[in-house]
file start24.txt (compact mmCIF, C-alpha atoms and all ligand atoms)
# COMPACT_ATOMS: atom_id res chain seq x y z
CA MET A 1 -13.91 -92.52 215.33
CA LEU A 2 -12.86 -90.27 212.51
CA HIS A 3 -15.52 -88.06 210.98
CA LEU A 4 -14.41 -86.97 207.55
CA PRO A 5 -16.55 -85.39 204.82
CA ILE A 6 -17.43 -87.80 202.00
CA GLY A 7 -15.09 -85.91 199.66
CA ARG A 8 -12.13 -86.70 201.96
CA TRP A 9 -13.01 -90.41 202.21
CA ARG A 10 -13.18 -90.56 198.44
CA ASP A 11 -9.57 -89.42 198.21
CA TRP A 12 -8.48 -92.55 200.12
CA ILE A 13 -10.36 -95.13 198.05
CA PRO A 14 -8.18 -96.80 195.38
CA ALA A 15 -9.40 -96.21 191.82
CA ASP A 16 -8.23 -96.39 188.22
CA CYS A 17 -6.59 -93.22 186.93
CA PRO A 18 -8.92 -91.79 184.22
CA GLY A 19 -5.84 -90.85 182.20
CA CYS A 20 -3.80 -94.09 182.01
CA GLY A 21 -6.14 -96.64 183.63
CA ARG A 22 -3.57 -97.72 186.25
CA ARG A 23 -4.85 -98.49 189.74
CA GLN A 24 -3.70 -95.93 192.26
CA GLY A 25 -4.20 -95.05 195.88
CA GLY A 26 -6.80 -92.31 195.43
CA GLN A 27 -9.28 -90.71 193.07
CA GLY A 28 -8.55 -88.49 190.10
CA LEU A 29 -5.51 -88.50 187.86
CA CYS A 30 -2.26 -90.20 188.91
CA ALA A 31 0.88 -88.15 189.50
CA ALA A 32 2.38 -89.11 186.11
CA CYS A 33 -0.73 -88.03 184.18
CA LEU A 34 -0.95 -84.79 186.18
CA ALA A 35 2.68 -84.04 185.36
CA SER A 36 2.17 -84.74 181.65
CA LEU A 37 -0.76 -82.30 181.52
CA ARG A 38 1.01 -79.44 183.27
CA PRO A 39 1.95 -76.77 180.71
CA ASP A 40 5.63 -75.83 180.68
CA PRO A 41 5.81 -72.80 183.03
CA ALA A 42 8.71 -71.38 181.00
CA ARG A 43 6.72 -71.38 177.75
CA PRO A 44 5.76 -67.83 176.73
CA CYS A 45 2.03 -67.36 176.33
CA CYS A 46 -0.21 -64.54 175.14
CA GLY A 47 -1.23 -62.48 178.18
CA ARG A 48 -4.80 -62.26 176.91
CA CYS A 49 -5.76 -65.59 175.42
CA ALA A 50 -3.07 -67.96 176.80
CA HIS A 51 -2.01 -69.15 173.34
CA PRO A 52 1.61 -70.34 173.37
CA LEU A 53 3.84 -67.86 171.56
CA ASP A 54 6.79 -70.13 170.81
CA GLU A 55 7.66 -70.52 167.12
CA VAL A 56 4.78 -68.34 165.93
CA GLY A 57 5.93 -64.84 166.97
CA GLY A 58 2.79 -62.76 167.59
CA CYS A 59 -0.35 -64.31 168.97
CA PRO A 60 -2.33 -66.01 166.17
CA ASP A 61 -5.62 -65.59 168.01
CA CYS A 62 -5.46 -61.93 169.07
CA GLY A 63 -5.95 -59.39 166.33
CA PRO A 64 -5.12 -55.67 166.51
CA GLU A 65 -8.34 -55.03 168.48
CA PRO A 66 -8.16 -56.21 172.10
CA PRO A 67 -10.73 -58.93 172.79
CA ALA A 68 -13.70 -58.35 175.09
CA TYR A 69 -12.24 -60.75 177.65
CA ASP A 70 -9.41 -59.68 179.91
CA ARG A 71 -7.56 -62.91 180.52
CA VAL A 72 -7.69 -66.65 179.86
CA VAL A 73 -6.75 -69.39 182.32
CA ALA A 74 -6.30 -72.81 180.68
CA ALA A 75 -5.69 -76.00 182.67
CA PHE A 76 -3.90 -77.85 179.85
CA ASP A 77 -3.30 -77.97 176.09
CA TYR A 78 -5.86 -79.58 173.81
CA ALA A 79 -3.29 -82.17 172.76
CA GLY A 80 -2.24 -85.69 173.73
CA LEU A 81 -3.74 -86.79 177.03
CA GLY A 82 -5.57 -83.46 177.39
CA ARG A 83 -7.43 -84.07 174.15
CA ASP A 84 -8.18 -87.68 175.12
CA LEU A 85 -9.69 -86.57 178.43
CA ILE A 86 -11.88 -83.96 176.73
CA ARG A 87 -13.07 -86.57 174.22
CA ASP A 88 -13.85 -89.06 176.97
CA TYR A 89 -15.78 -86.38 178.82
CA LYS A 90 -17.70 -85.00 175.86
CA ILE A 91 -18.05 -87.82 173.30
CA ARG A 92 -18.07 -90.85 175.60
CA ARG A 93 -20.12 -88.85 178.08
CA ARG A 94 -18.01 -89.83 181.07
CA LEU A 95 -19.61 -87.48 183.54
CA SER A 96 -17.34 -88.90 186.27
CA LEU A 97 -14.50 -86.92 184.64
CA ALA A 98 -16.13 -83.62 185.58
CA ARG A 99 -14.57 -83.68 189.04
CA PRO A 100 -10.94 -84.42 188.09
CA LEU A 101 -11.20 -81.96 185.21
CA ALA A 102 -12.62 -79.27 187.51
CA ASP A 103 -9.78 -80.01 189.94
CA LEU A 104 -7.26 -79.38 187.16
CA LEU A 105 -8.87 -76.04 186.38
CA VAL A 106 -8.92 -75.11 190.07
CA ARG A 107 -5.19 -75.83 190.18
CA ALA A 108 -4.57 -73.55 187.18
CA VAL A 109 -6.75 -70.76 188.61
CA LEU A 110 -4.96 -70.85 191.96
CA ALA A 111 -1.54 -70.92 190.27
CA GLY A 112 -2.34 -67.75 188.33
CA GLU A 113 -4.27 -65.95 191.02
CA ALA A 114 -1.55 -63.54 192.19
CA GLY A 115 -2.36 -59.98 191.15
CA ASN A 116 -5.70 -60.91 189.60
CA PRO A 117 -8.93 -60.00 191.39
CA ARG A 118 -11.28 -62.88 192.26
CA PRO A 119 -14.46 -62.97 190.19
CA ASP A 120 -17.84 -62.30 191.79
CA TRP A 121 -19.57 -65.00 189.77
CA VAL A 122 -18.69 -68.11 187.80
CA VAL A 123 -20.83 -68.53 184.67
CA PRO A 124 -20.66 -71.46 182.21
CA VAL A 125 -20.89 -71.06 178.45
CA PRO A 126 -24.38 -72.38 177.71
CA ALA A 127 -24.47 -75.61 175.70
CA ARG A 128 -26.21 -75.87 172.36
CA ARG A 129 -29.65 -77.49 172.66
CA GLU A 130 -28.75 -80.33 170.33
CA SER A 131 -25.56 -81.08 172.32
CA LEU A 132 -27.49 -81.09 175.58
CA ARG A 133 -30.00 -83.54 174.13
CA ARG A 134 -27.24 -85.81 172.86
CA ARG A 135 -25.13 -85.83 176.04
CA GLY A 136 -27.70 -85.37 178.73
CA PHE A 137 -25.48 -82.86 180.50
CA SER A 138 -23.62 -79.63 179.81
CA PRO A 139 -19.83 -80.17 180.08
CA PRO A 140 -19.04 -76.52 180.96
CA ALA A 141 -21.88 -76.28 183.49
CA GLU A 142 -20.80 -79.40 185.39
CA VAL A 143 -17.23 -78.12 185.66
CA ALA A 144 -18.38 -74.59 186.60
CA ARG A 145 -20.54 -75.94 189.43
CA LEU A 146 -17.79 -78.10 190.93
CA LEU A 147 -15.10 -75.48 190.46
CA ALA A 148 -17.16 -72.71 192.07
CA ARG A 149 -17.78 -74.92 195.09
CA ARG A 150 -14.08 -75.71 195.45
CA LEU A 151 -13.12 -72.04 195.22
CA GLY A 152 -15.97 -70.73 197.35
CA LEU A 153 -17.36 -68.63 194.49
CA ARG A 154 -20.95 -68.01 193.48
CA CYS A 155 -22.01 -69.96 190.38
CA HIS A 156 -24.79 -68.66 188.17
CA LEU A 157 -25.65 -71.43 185.69
CA ASP A 158 -28.08 -69.20 183.80
CA GLY A 159 -25.87 -66.10 183.74
CA VAL A 160 -25.56 -66.32 179.95
CA ARG A 161 -28.20 -67.73 177.62
CA ARG A 162 -28.24 -68.64 173.96
CA MET A 163 -30.62 -66.50 171.93
CA ARG A 164 -30.15 -68.78 168.96
CA GLU A 165 -28.18 -71.93 168.30
CA GLY A 166 -25.56 -70.54 165.91
CA GLU A 167 -23.62 -72.71 163.48
CA ARG A 168 -21.39 -75.54 164.59
CA GLN A 169 -18.02 -73.91 165.23
CA ALA A 170 -15.90 -76.81 164.05
CA VAL A 171 -16.75 -76.22 160.41
CA LEU A 172 -15.93 -72.49 160.34
CA ASP A 173 -12.66 -70.58 160.13
CA ARG A 174 -11.83 -67.86 162.66
CA ALA A 175 -13.35 -64.86 160.84
CA LEU A 176 -16.53 -66.80 160.15
CA ARG A 177 -16.63 -68.04 163.72
CA LEU A 178 -16.46 -64.49 165.05
CA ARG A 179 -19.21 -63.37 162.69
CA ALA A 180 -21.39 -66.41 163.38
CA GLN A 181 -21.35 -65.72 167.13
CA VAL A 182 -22.67 -62.15 166.94
CA GLY A 183 -25.97 -61.95 168.83
CA VAL A 184 -25.91 -65.61 169.87
CA PHE A 185 -25.61 -64.89 173.61
CA THR A 186 -27.34 -62.60 176.07
CA ALA A 187 -26.33 -62.02 179.67
CA PHE A 188 -28.41 -61.79 182.81
CA GLY A 189 -29.67 -58.24 183.25
CA ALA A 190 -29.17 -57.31 179.60
CA ALA A 191 -31.77 -55.03 178.04
CA GLY A 192 -34.69 -57.09 176.78
CA ARG A 193 -33.81 -60.23 178.70
CA PRO A 194 -36.55 -61.25 181.08
CA HIS A 195 -35.70 -61.62 184.75
CA PRO A 196 -34.96 -65.21 185.74
CA ALA A 197 -37.40 -67.32 187.71
CA PRO A 198 -37.44 -66.76 191.51
CA PRO A 199 -35.05 -69.60 192.58
CA ALA A 200 -32.28 -68.44 190.22
CA HIS A 201 -32.95 -64.85 191.21
CA ARG A 202 -32.56 -65.71 194.89
CA ALA A 203 -29.30 -67.50 194.12
CA LEU A 204 -27.77 -64.15 193.19
CA SER A 205 -28.54 -62.75 196.65
CA GLY A 206 -27.33 -59.44 198.02
CA SER A 207 -27.71 -56.05 196.45
CA ALA A 208 -26.97 -57.41 192.97
CA ALA A 209 -30.32 -59.21 192.90
CA ASP A 210 -32.17 -55.95 193.51
CA SER A 211 -30.48 -54.00 190.82
CA ALA A 212 -31.94 -53.50 187.37
CA ARG A 213 -28.46 -54.26 186.05
CA PRO A 214 -27.20 -57.03 188.35
CA LEU A 215 -23.96 -57.47 186.40
CA SER A 216 -23.05 -53.83 186.78
CA GLY A 217 -19.54 -53.57 188.23
CA ARG A 218 -19.21 -57.37 188.52
CA ARG A 219 -16.20 -59.50 187.66
CA ILE A 220 -17.16 -62.71 185.86
CA ALA A 221 -15.29 -65.95 185.18
CA VAL A 222 -16.71 -67.72 182.13
CA VAL A 223 -16.14 -71.49 182.17
CA ASP A 224 -15.81 -73.52 178.98
CA ASP A 225 -14.31 -76.89 178.10
CA VAL A 226 -12.14 -76.00 175.10
CA LEU A 227 -10.92 -72.66 173.80
CA THR A 228 -10.20 -72.82 170.08
CA THR A 229 -10.02 -69.39 168.44
CA GLY A 230 -11.76 -67.55 171.25
CA ALA A 231 -14.79 -66.64 169.10
CA THR A 232 -17.30 -68.08 171.59
CA LEU A 233 -15.55 -66.49 174.57
CA GLN A 234 -15.42 -63.19 172.67
CA ALA A 235 -19.19 -63.30 172.09
CA VAL A 236 -19.98 -64.29 175.69
CA ALA A 237 -17.62 -61.65 177.12
CA SER A 238 -19.18 -58.99 174.86
CA ALA A 239 -22.65 -59.91 176.09
CA LEU A 240 -21.51 -59.78 179.73
CA LYS A 241 -19.80 -56.42 179.30
CA GLU A 242 -22.80 -54.98 177.48
CA ALA A 243 -24.81 -55.99 180.55
CA GLY A 244 -22.40 -54.08 182.80
CA ALA A 245 -19.63 -56.54 183.79
CA VAL A 246 -16.30 -54.77 184.33
CA ARG A 247 -14.01 -57.76 183.95
CA VAL A 248 -14.43 -61.08 182.19
CA GLU A 249 -11.97 -63.96 182.40
CA GLY A 250 -12.18 -67.17 180.41
CA TRP A 251 -11.48 -70.26 182.54
CA VAL A 252 -11.13 -73.22 180.19
CA LEU A 253 -10.10 -76.81 180.61
CA ALA A 254 -8.15 -77.07 177.37
CA ARG A 255 -6.49 -74.52 175.11
CA ALA A 256 -6.17 -75.49 171.42
CA VAL A 257 -2.71 -74.73 170.10
CA SER A 258 -1.42 -73.88 166.62
CA PRO A 259 0.78 -76.26 164.62
CA GLY A 260 4.29 -76.14 166.01
CA SER A 261 3.35 -74.78 169.41
CA GLY A 262 1.79 -77.86 170.98
CA ARG A 263 3.20 -81.16 172.18
CA ASP A 264 1.58 -82.97 169.27
CA GLY A 265 2.03 -80.23 166.70
CA GLY A 266 -1.50 -78.95 167.20
CA ARG A 267 -3.23 -81.75 165.29
CA GLY A 268 -6.41 -81.18 167.25
CA ARG A 269 -6.79 -77.51 166.48
CA GLY A 270 -9.69 -76.56 164.25
CA ARG A 271 -11.43 -79.88 164.79
CA VAL A 272 -12.38 -79.33 168.37
CA LEU A 273 -15.52 -81.06 169.54
CA GLN A 274 -18.71 -79.10 169.81
ZN ZN B 301 -2.54 -91.85 185.10
ZN ZN B 302 -3.70 -64.00 172.24

call {"tool": "encode", "arguments": {"input": "start24.txt", "output": "structure tokens"}}
result
Amino acid sequence: MLHLPIGRWRDWIPADCPGCGRRQGGQGLCAACLASLRPDPARPCCGRCAHPLDEVGGCPDCGPEPPAYDRVVAAFDYAGLGRDLIRDYKIRRRLSLARPLADLLVRAVLAGEAGNPRPDWVVPVPARRESLRRRGFSPPAEVARLLARRLGLRCHLDGVRRMREGERQAVLDRALRLRAQVGVFTAFGAAGRPHPAPPAHRALSGSAADSARPLSGRRIAVVDDVLTTGATLQAVASALKEAGAVRVEGWVLARAVSPGSGRDGGRGRGRVLQ
């Protein structure tokens, strides 16, 4: 008698591909959908924010000042099937997509792991209260939890908190987005932020939990669903570094692309879901 973990049995059960709807011999996306989502490895990308550099010369999302984050890993472009999957996950509230989407991000993280130190913690971008109420779940938090488990990393769901709601990003241009995000987030261990409740505190474990600045010297991976201009990631990374983090990476499902640099000409950029 075979004794396989439930996760392994699930891989054998036929199911409809969440990308194209065709029945296949396992769970998750079919091989054709996976292939269509894979970014072209030969395409030049910005070393910081992962924006494609073809046809636009310099990076449109990185100004003269280096951002607070050190690197971005994106599983796929916010275009075509990638955009459809994000919409299904966020608008149609298909929570069952969290696992295949997390798997795609795991694949991207592992592919780009060489030469990059592993983070100490995985932390999701906290959802806006109104979005949480509407959806009933936090899209970044669900992915962060599953991804951390797959990679054997510690996940701290409350590592970053919203101090205020901030304006909806979709209606603002980049400069306004950056300005609107100032002071929105605070990180665990930041001055003035109360210590978390005992269960979350215990989850940190080790010497970090005893320190007055638990993020001090830590490397953090911030998980989000879509990266548009990087304004949210910039604000979260700033908060984490102010609290002592030494390295912050953005791990995102989808990377919005400028017109001309994406498979669909970047039609989705600037109107990314909140
Ligand atoms: Zn498919
Ligand atoms: Zn860039």

call {"tool": "atom_distance", "arguments": {"input": "start24.txt", "atom1": "CA of Arg219 in chain A", "atom2": "CA of Leu153 in chain A"}}
result
11.5 Å

call {"tool": "residues_around", "arguments": {"input": "start24.txt", "residues": "range 120-133 of chain A", "least_positions_apart": "4", "cutoff": "7 Å", "atoms": "all atoms listed in the file", "output": "ChimeraX atom specification"}}
result
/A:137-138,140-141,144,148,153-157,159-162,165,218-224

call {"tool": "residues_near_ligand", "arguments": {"input": "start24.txt", "ligand": "ligand ZN 302 (chain B)", "cutoff": "6 Å", "atoms": "only C-alpha atoms and all ligand atoms", "output": "number ranges by chain"}}
result
A: 46, 48-49, 51, 59, 61-62

call {"tool": "residues_near_ligand", "arguments": {"input": "start24.txt", "ligand": "ligand ZN 301 (chain B)", "cutoff": "10 Å", "atoms": "only C-alpha atoms and all ligand atoms", "output": "PyMOL selection string"}}
result
chain A and resi 16-24+28-36+81

call {"tool": "residues_around", "arguments": {"input": "start24.txt", "residues": "Arg107 in chain A", "least_positions_apart": "2", "cutoff": "12 Å", "atoms": "only C-alpha atoms", "output": "ChimeraX atom specification"}}
result
/A:34,37-39,73-76,100-105,109-113,147,150-151,251-253

call {"tool": "write_last_selection", "arguments": {"input": "start24.txt", "atoms": "C-alpha atoms", "output": "mmCIF file, in the coordinates of the input"}}
result
data_model
loop_
_atom_site.group_PDB
_atom_site.id
_atom_site.type_symbol
_atom_site.label_atom_id
_atom_site.label_comp_id
_atom_site.auth_asym_id
_atom_site.auth_seq_id
_atom_site.Cartn_x
_atom_site.Cartn_y
_atom_site.Cartn_z
ATOM 1 C CA LEU A 34 -0.950 -84.790 186.180
ATOM 2 C CA LEU A 37 -0.760 -82.300 181.520
ATOM 3 C CA ARG A 38 1.010 -79.440 183.270
ATOM 4 C CA PRO A 39 1.950 -76.770 180.710
ATOM 5 C CA VAL A 73 -6.750 -69.390 182.320
ATOM 6 C CA ALA A 74 -6.300 -72.810 180.680
ATOM 7 C CA ALA A 75 -5.690 -76.000 182.670
ATOM 8 C CA PHE A 76 -3.900 -77.850 179.850
ATOM 9 C CA PRO A 100 -10.940 -84.420 188.090
ATOM 10 C CA LEU A 101 -11.200 -81.960 185.210
ATOM 11 C CA ALA A 102 -12.620 -79.270 187.510
ATOM 12 C CA ASP A 103 -9.780 -80.010 189.940
ATOM 13 C CA LEU A 104 -7.260 -79.380 187.160
ATOM 14 C CA LEU A 105 -8.870 -76.040 186.380
ATOM 15 C CA VAL A 109 -6.750 -70.760 188.610
ATOM 16 C CA LEU A 110 -4.960 -70.850 191.960
ATOM 17 C CA ALA A 111 -1.540 -70.920 190.270
ATOM 18 C CA GLY A 112 -2.340 -67.750 188.330
ATOM 19 C CA GLU A 113 -4.270 -65.950 191.020
ATOM 20 C CA LEU A 147 -15.100 -75.480 190.460
ATOM 21 C CA ARG A 150 -14.080 -75.710 195.450
ATOM 22 C CA LEU A 151 -13.120 -72.040 195.220
ATOM 23 C CA TRP A 251 -11.480 -70.260 182.540
ATOM 24 C CA VAL A 252 -11.130 -73.220 180.190
ATOM 25 C CA LEU A 253 -10.100 -76.810 180.610
#

call {"tool": "atom_distance", "arguments": {"input": "start24.txt", "atom1": "CA of Ala98 in chain A", "atom2": "CA of Gly230 in chain A"}}
result
22.0 Å

call {"tool": "atom_distance", "arguments": {"input": "start24.txt", "atom1": "CA of Val72 in chain A", "atom2": "CA of Ala50 in chain A"}}
result
5.7 Å

call {"tool": "closest_residue", "arguments": {"input": "start24.txt", "among": "A:Asp70, A:Glu242, A:Asp77, A:Asp88", "to": "Pro119 in chain A", "atoms": "all atoms listed in the file"}}
result
A:Asp70

call {"tool": "closest_residue", "arguments": {"input": "start24.txt", "among": "A:Asp225, A:Ala180, A:Arg83, A:Pro64", "to": "Glu142 in chain A", "atoms": "all atoms listed in the file"}}
result
A:Asp225

call {"tool": "closest_residue", "arguments": {"input": "start24.txt", "among": "A:Ala15, A:Ala42, A:Ala187, A:Val106", "to": "Ala243 in chain A", "atoms": "all atoms listed in the file"}}
result
A:Ala187

call {"tool": "closest_residue", "arguments": {"input": "start24.txt", "among": "A:Gly217, A:Pro139, A:Gly115, A:Pro67", "to": "Ser96 in chain A", "atoms": "only C-alpha atoms"}}
result
A:Pro139

call {"tool": "residues_around", "arguments": {"input": "start24.txt", "residues": "Gly183 in chain A", "least_positions_apart": "4", "cutoff": "10 Å", "atoms": "all atoms listed in the file", "output": "MDAnalysis selection string"}}
result
chainID A and resid 162:164 166 179 235:236 238:239

call {"tool": "axis_aligned_box", "arguments": {"input": "start24.txt", "around": "range 12-31 of chain A", "padding_each_side": "4 Å", "output": "lines of an AutoDock Vina configuration file"}}
result
center_x = -4.7
center_y = -93.3
center_z = 191.1
size_x = 19.2
size_y = 18.3
size_z = 26.1
